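Shown here: run_10.txt, compact mmCIF, C-alpha atoms.
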# COMPACT_ATOMS: atom_id res chain seq x y z
CA MET J 1 47.60 34.23 158.60
CA ALA J 2 49.26 36.68 156.18
CA THR J 3 50.48 39.90 157.67
CA GLU J 4 49.81 43.12 155.82
CA GLU J 5 52.79 45.25 154.94
CA ALA J 6 52.93 48.54 156.85
CA PRO J 7 52.29 51.59 154.70
CA ASN J 8 55.30 53.64 153.66
CA VAL J 9 55.41 56.78 155.77
CA ASP J 10 58.38 58.34 153.90
CA LEU J 11 56.36 60.01 151.14
CA ILE J 12 58.09 61.19 147.97
CA THR J 13 55.93 64.01 146.62
CA LEU J 14 56.63 66.07 143.51
CA THR J 15 57.53 69.06 145.69
CA ARG J 16 59.95 66.97 147.75
CA HIS J 17 61.54 65.49 144.62
CA VAL J 18 62.06 68.91 143.01
CA LEU J 19 63.43 70.44 146.22
CA SER J 20 65.79 67.48 146.63
CA ASP J 21 67.24 68.14 143.18
CA GLN J 22 67.58 71.83 143.98
CA PHE J 23 69.48 71.11 147.20
CA ARG J 24 71.68 68.63 145.36
CA LEU J 25 72.74 71.33 142.88
CA GLY J 26 73.64 73.67 145.72
CA ALA J 27 74.48 77.31 145.07
CA SER J 28 74.20 76.89 141.28
CA ALA J 29 70.42 76.39 141.60
CA THR J 30 68.38 79.61 141.61
CA GLY J 31 65.12 78.00 142.72
CA ASP J 32 63.28 79.44 139.72
CA LEU J 33 62.55 76.04 138.20
CA THR J 34 61.36 74.77 141.59
CA LEU J 35 58.85 77.61 141.85
CA LEU J 36 57.72 77.10 138.25
CA LEU J 37 57.13 73.36 138.71
CA THR J 38 55.30 74.06 141.95
CA ALA J 39 53.00 76.44 140.07
CA ILE J 40 52.34 73.76 137.42
CA GLN J 41 51.65 71.21 140.16
CA VAL J 42 49.08 73.43 141.86
CA THR J 43 47.53 74.28 138.49
CA SER J 44 47.18 70.58 137.61
CA LYS J 45 45.44 69.90 140.92
CA PHE J 46 43.00 72.74 140.35
CA ILE J 47 42.22 71.48 136.84
CA ALA J 48 41.70 67.96 138.23
CA THR J 49 39.28 69.32 140.85
CA ASN J 50 37.19 71.03 138.17
CA VAL J 51 37.21 67.91 135.98
CA ARG J 52 35.84 65.82 138.86
CA LYS J 53 32.93 68.18 139.49
CA ALA J 54 32.42 69.19 135.84
CA ARG J 55 28.88 67.82 135.59
CA LEU J 56 27.84 69.52 138.81
CA ILE J 57 28.92 72.98 137.68
CA ASN J 58 27.93 72.66 134.01
CA LEU J 59 31.43 72.31 132.52
CA VAL J 60 30.58 69.36 130.28
CA GLY J 61 29.92 70.01 126.60
CA LEU J 62 31.16 72.28 123.84
CA ALA J 63 32.23 75.86 124.38
CA GLY J 64 31.17 76.84 120.86
CA GLU J 65 34.71 77.56 119.61
CA THR J 66 37.50 75.67 117.79
CA ASN J 67 41.18 75.69 118.72
CA VAL J 68 44.15 76.34 116.44
CA GLN J 69 44.13 72.66 115.41
CA GLY J 70 40.54 73.00 114.15
CA GLU J 71 39.20 70.88 117.00
CA GLU J 72 35.99 71.80 118.79
CA GLN J 73 36.80 73.17 122.24
CA LYS J 74 35.10 71.76 125.29
CA LYS J 75 34.18 74.07 128.17
CA LEU J 76 36.85 72.37 130.25
CA ASP J 77 39.43 73.07 127.51
CA VAL J 78 38.84 76.79 127.81
CA LEU J 79 38.77 76.76 131.61
CA SER J 80 41.93 74.63 131.88
CA ASN J 81 43.78 76.87 129.43
CA ASP J 82 42.82 80.01 131.37
CA ILE J 83 43.94 78.40 134.63
CA MET J 84 47.33 77.42 133.15
CA VAL J 85 47.99 80.79 131.53
CA ASN J 86 47.06 82.83 134.61
CA ALA J 87 48.99 80.64 137.04
CA LEU J 88 52.13 80.53 134.90
CA ARG J 89 52.08 84.27 134.30
CA ALA J 90 51.63 84.88 138.04
CA SER J 91 54.62 82.65 138.84
CA ARG J 92 56.91 85.33 137.31
CA LYS J 93 59.15 82.56 136.01
CA THR J 94 58.01 82.39 132.37
CA ALA J 95 58.87 84.41 129.28
CA VAL J 96 56.79 82.57 126.66
CA LEU J 97 53.66 80.40 126.91
CA VAL J 98 52.54 78.15 124.04
CA SER J 99 49.18 76.41 124.34
CA GLU J 100 47.42 73.97 122.03
CA GLU J 101 44.29 76.06 122.57
CA LEU J 102 45.79 79.37 121.34
CA GLU J 103 46.90 80.32 117.85
CA ASP J 104 49.69 82.65 119.00
CA ALA J 105 52.31 82.35 121.69
CA ILE J 106 51.81 84.50 124.79
CA ILE J 107 54.80 86.78 125.43
CA ILE J 108 55.11 87.63 129.11
CA GLU J 109 56.10 91.23 129.74
CA ASP J 110 57.78 92.82 132.76
CA PRO J 111 57.27 92.72 135.72
CA HIS J 112 56.01 89.13 135.33
CA LYS J 113 58.69 88.02 132.84
CA GLY J 114 60.95 85.11 133.79
CA ALA J 115 63.45 82.89 132.00
CA TYR J 116 61.42 79.86 130.88
CA CYS J 117 59.22 78.88 127.95
CA VAL J 118 56.35 76.55 128.88
CA VAL J 119 54.45 74.63 126.21
CA PHE J 120 51.31 72.73 127.13
CA ASP J 121 48.13 70.96 126.22
CA PRO J 122 46.02 71.94 129.24
CA LEU J 123 43.60 69.03 128.90
CA ASP J 124 44.74 66.23 126.61
CA GLY J 125 42.00 63.78 125.65
CA SER J 126 39.25 66.31 126.30
CA SER J 127 37.25 65.10 123.29
CA ASN J 128 36.51 61.99 125.35
CA ILE J 129 35.46 63.78 128.54
CA ASP J 130 31.79 62.95 128.07
CA ALA J 131 32.67 59.25 127.76
CA GLY J 132 34.51 59.22 131.09
CA VAL J 133 37.92 58.42 129.52
CA ASN J 134 41.10 59.34 131.41
CA ILE J 135 42.47 62.78 130.54
CA GLY J 136 45.46 64.80 131.68
CA THR J 137 47.73 67.83 131.29
CA ILE J 138 50.88 67.63 129.15
CA PHE J 139 53.61 70.25 129.50
CA GLY J 140 57.22 70.92 128.60
CA VAL J 141 59.63 73.46 130.09
CA TYR J 142 62.46 75.06 128.11
CA LYS J 143 65.05 77.56 129.21
CA VAL J 144 64.94 80.76 127.18
CA ILE J 145 68.46 81.57 125.99
CA GLN J 146 69.62 85.06 126.86
CA ILE J 147 72.84 86.16 125.22
CA PRO J 148 75.32 87.96 127.55
CA THR J 149 75.35 91.73 127.03
CA ARG J 150 79.11 91.55 126.38
CA GLY J 151 81.49 88.71 125.63
CA LYS J 152 85.23 88.21 125.16
CA ILE J 153 85.21 86.27 121.86
CA TYR J 154 85.21 87.53 118.28
CA SER J 155 84.45 85.31 115.31
CA PHE J 156 85.63 86.67 111.94
CA ASN J 157 87.35 84.99 108.99
CA GLU J 158 90.58 86.94 109.28
CA GLY J 159 91.93 85.14 106.24
CA ASN J 160 90.03 87.85 104.35
CA SER J 161 91.31 90.72 106.50
CA MET J 162 93.39 92.25 103.66
CA TYR J 163 90.06 92.94 101.89
CA PHE J 164 88.20 94.36 104.93
CA HIS J 165 86.96 97.95 104.92
CA PRO J 166 88.37 100.42 107.52
CA PRO J 167 85.48 100.23 110.06
CA VAL J 168 86.00 96.46 110.45
CA ILE J 169 89.80 96.74 110.52
CA ASN J 170 89.64 99.46 113.18
CA TYR J 171 87.09 97.57 115.29
CA LEU J 172 89.17 94.39 115.24
CA LYS J 173 92.25 96.38 116.19
CA SER J 174 90.38 97.87 119.16
CA ILE J 175 89.52 94.46 120.64
CA LYS J 176 92.84 92.77 119.79
CA TYR J 177 95.02 95.59 121.09
CA PRO J 178 92.91 97.37 123.72
CA ALA J 179 94.23 100.08 126.00
CA PRO J 180 94.99 98.83 129.55
CA PRO J 181 93.39 97.75 131.82
CA LYS J 182 91.22 96.10 129.15
CA THR J 183 92.35 92.68 127.92
CA PRO J 184 92.28 91.34 124.33
CA TYR J 185 89.39 89.30 123.00
CA SER J 186 89.92 85.66 122.04
CA ALA J 187 89.50 84.60 118.40
CA ARG J 188 87.23 81.64 117.63
CA TYR J 189 86.20 80.95 114.03
CA ILE J 190 84.91 77.54 112.93
CA GLY J 191 83.65 78.46 109.47
CA SER J 192 80.19 77.01 110.06
CA MET J 193 77.70 79.80 110.73
CA VAL J 194 75.51 77.49 112.80
CA ALA J 195 78.40 76.54 115.08
CA ASP J 196 79.84 80.06 115.36
CA VAL J 197 76.46 81.66 116.12
CA HIS J 198 75.57 78.92 118.62
CA ARG J 199 78.77 79.58 120.55
CA THR J 200 78.13 83.33 120.40
CA LEU J 201 74.64 82.78 121.82
CA LEU J 202 76.01 80.79 124.74
CA TYR J 203 79.12 82.81 125.62
CA GLY J 204 78.52 86.22 124.11
CA GLY J 205 80.82 88.24 121.88
CA ILE J 206 80.46 89.02 118.19
CA PHE J 207 80.22 87.10 114.92
CA GLY J 208 80.98 88.95 111.72
CA TYR J 209 81.01 88.26 108.00
CA PRO J 210 81.38 91.71 106.43
CA ASP J 211 81.16 92.96 102.92
CA ASP J 212 84.67 93.73 101.64
CA GLN J 213 86.67 94.63 98.53
CA LYS J 214 86.27 91.06 97.23
CA SER J 215 82.63 90.35 98.23
CA LYS J 216 80.94 93.67 97.54
CA SER J 217 77.57 92.67 99.05
CA GLY J 218 78.88 90.28 101.68
CA LYS J 219 78.94 86.50 101.49
CA LEU J 220 75.97 85.32 103.56
CA ARG J 221 72.52 84.95 102.01
CA LEU J 222 69.87 87.25 103.38
CA LEU J 223 66.78 85.03 103.27
CA TYR J 224 68.06 81.73 104.62
CA GLU J 225 71.20 82.64 106.58
CA ALA J 226 71.12 86.26 107.77
CA PHE J 227 67.38 86.54 108.54
CA PRO J 228 67.00 83.35 110.64
CA MET J 229 70.16 83.98 112.68
CA ALA J 230 69.34 87.67 113.14
CA PHE J 231 65.90 86.73 114.46
CA LEU J 232 67.38 84.24 116.97
CA ILE J 233 69.96 86.73 118.20
CA GLU J 234 67.41 89.52 118.66
CA GLN J 235 65.05 87.18 120.51
CA ALA J 236 67.93 86.42 122.87
CA GLY J 237 68.52 90.12 123.55
CA GLY J 238 71.37 90.72 121.11
CA ILE J 239 71.77 92.85 117.98
CA ALA J 240 72.07 91.84 114.31
CA THR J 241 73.23 94.52 111.87
CA THR J 242 74.87 95.11 108.52
CA GLY J 243 77.04 97.68 110.27
CA THR J 244 74.77 100.51 109.19
CA GLY J 245 71.27 99.08 109.65
CA ARG J 246 69.16 96.35 111.22
CA ILE J 247 69.26 93.13 109.20
CA LEU J 248 65.59 92.35 109.81
CA ASP J 249 64.61 95.72 108.29
CA ILE J 250 66.05 94.83 104.89
CA VAL J 251 63.49 94.33 102.11
CA PRO J 252 64.83 91.52 99.88
CA LYS J 253 65.15 92.23 96.16
CA SER J 254 66.07 88.69 95.07
CA ILE J 255 65.85 85.22 96.59
CA HIS J 256 69.63 84.70 96.78
CA GLU J 257 70.51 88.23 97.86
CA ARG J 258 73.55 88.59 100.12
CA CYS J 259 74.32 91.05 102.90
CA PRO J 260 77.00 91.89 105.46
CA VAL J 261 76.33 90.30 108.86
CA PHE J 262 77.43 91.32 112.35
CA LEU J 263 75.56 89.82 115.28
CA GLY J 264 76.02 88.99 118.93
CA SER J 265 76.10 90.66 122.33
CA ARG J 266 74.44 94.07 122.47
CA ASP J 267 77.46 96.01 123.75
CA ASP J 268 79.92 94.34 121.37
CA VAL J 269 77.83 94.97 118.27
CA GLN J 270 77.16 98.56 119.33
CA ASP J 271 80.94 99.07 119.61
CA LEU J 272 81.35 97.89 116.01
CA MET J 273 78.51 100.13 114.82
CA LYS J 274 80.31 103.17 116.27
CA PHE J 275 83.20 102.58 113.86
CA TYR J 276 80.77 102.52 110.93
CA ALA J 277 79.13 105.73 112.18
CA GLU J 278 82.53 107.45 112.45
CA ALA J 279 83.42 106.41 108.89
CA LYS J 280 80.43 108.23 107.36
Please express the file's structure as structure tokens.
Amino acid sequence: MATEEAPNVDLITLTRHVLSDQFRLGASATGDLTLLLTAIQVTSKFIATNVRKARLINLVGLAGETNVQGEEQKKLDVLSNDIMVNALRASRKTAVLVSEELEDAIIIEDPHKGAYCVVFDPLDGSSNIDAGVNIGTIFGVYKVIQIPTRGKIYSFNEGNSMYFHPPVINYLKSIKYPAPPKTPYSARYIGSMVADVHRTLLYGGIFGYPDDQKSKSGKLRLLYEAFPMAFLIEQAGGIATTGTGRILDIVPKSIHERCPVFLGSRDDVQDLMKFYAEAK
């Protein structure tokens, strides 16, 4: 007679798995991701409960609207989306929510703002709900990059320094030869804007490509270099300026227009802007 195998009593739940990873990371783990994933777990269970009793509480059928993809929304689509949005906002761990059911991203404001971006399809396969086909929730979690308010790295092409205007020369002098107890900044310049700005985003500091006596309008193109990078830096809490004005406020006059670019940590860029203000 075959003997049945005893059931496993050492259960590995999602909560246990996430907590185990948090404990493994030790002091470097804040617990924010654990709380966020717990909120998503509870949300998914609540959606599943409503799906199971959908016919009993009149949640089957169309809601009379279409989503951003042009698909007809089911009643459960709308309900599941509302559940996800409200639960994730209440977790206080998200900064941006992107749903298949909504045309625009939801920006979470203080005091509920956190550090993560969550993207989700609250009820994938919902067009087949009436046919009894399996459905589910799809989500992704991304860390929102926040640039440090001050760094210790400057990124300028100092091969052009003999052409720089006084505000730039004086700013660079102030961070290379600071009065004690301040220490000098480190120079890091790759020559690829993508690489230099990426490093600035991660570690803070300032990236600069100014206008000078040789390049009267600057070297970087406004539409496809300055604008995109300025937008990214501002979204991360930094500043992007020409030295005298916000880059994103410029109204382009031609498709290949150039402009001076200084961007990076808020405090570092503000220090540079003071030198331009003093030169007026």
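Of note, atom CA of Pro7 of chain J and atom CA of Ile47 of chain J are spaced 28.6 Å apart.
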My list of candidates is J:His112, J:Ala95, J:Thr200, J:Phe46. Which is closest to Asp82 of chain J when distances are computed with all atoms listed in the file? J:Phe46
Using only C-alpha atoms: which of J:Gly238, J:Gly243, J:Gly218, J:Gly114 has the shortest distance to Tyr171 of chain J: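 Going through J:Gly238, J:Gly243, J:Gly218, J:Gly114 one by one, the smallest distance to Tyr171 of chain J is for J:Gly243.
Using only C-alpha atoms, the protein and nucleic acid residues lying no more than 6 Å from Ala236 of chain J, apart from those fewer than 4 places from it along its own chain, are Ile145, Gln146 and Ile147 of chain J.
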From the list J:Arg24, J:Lys182, J:Arg150, J:Lys280, which residue is nearest Gly264 of chain J when using all atoms listed in the file? J:Arg150
Kindly give the distance, in Å, that separates atom CA of Ser99 of chain J and atom CA of Asn128 of chain J, rounded to a single decimal. 19.2 Å
Atom CA of Ile247 of chain J and atom CA of Leu222 of chain J are how many Å apart?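 Separating atom CA of Ile247 of chain J from atom CA of Leu222 of chain J is a distance of 8.3 Å.
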Would you mind listing what lies within 6 Å of Asn81 of chain J as number ranges by chain, with only C-alpha atoms counted and same-chain residues fewer than 3 positions away left out? J: 78, 84, 122
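Considering the residues J:Arg221, J:His256, J:Lys152, J:His198 and counting only C-alpha atoms, Pro184 of chain J has its shortest atom-to-atom contact with J:Lys152.
Compared by their closest atoms to Pro166 of chain J, and using all atoms listed in the file, the residues J:Gly136, J:Gly151, J:Pro210, J:Pro260 rank with J:Pro210 nearest.
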Quick one: residues within 10 Å of (80.8, 104.0, 111.0) (file frame), counting all atoms listed in the file, please, as a ChimeraX atom specification. /J:166-168,171,243-244,271-280
Could you tell me which of J:Ser44, J:Leu172, J:Ser91, J:Glu158 comes closest to Asp121 of chain J if we count only C-alpha atoms?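 For Asp121 of chain J, the nearest of the candidates is J:Ser44.
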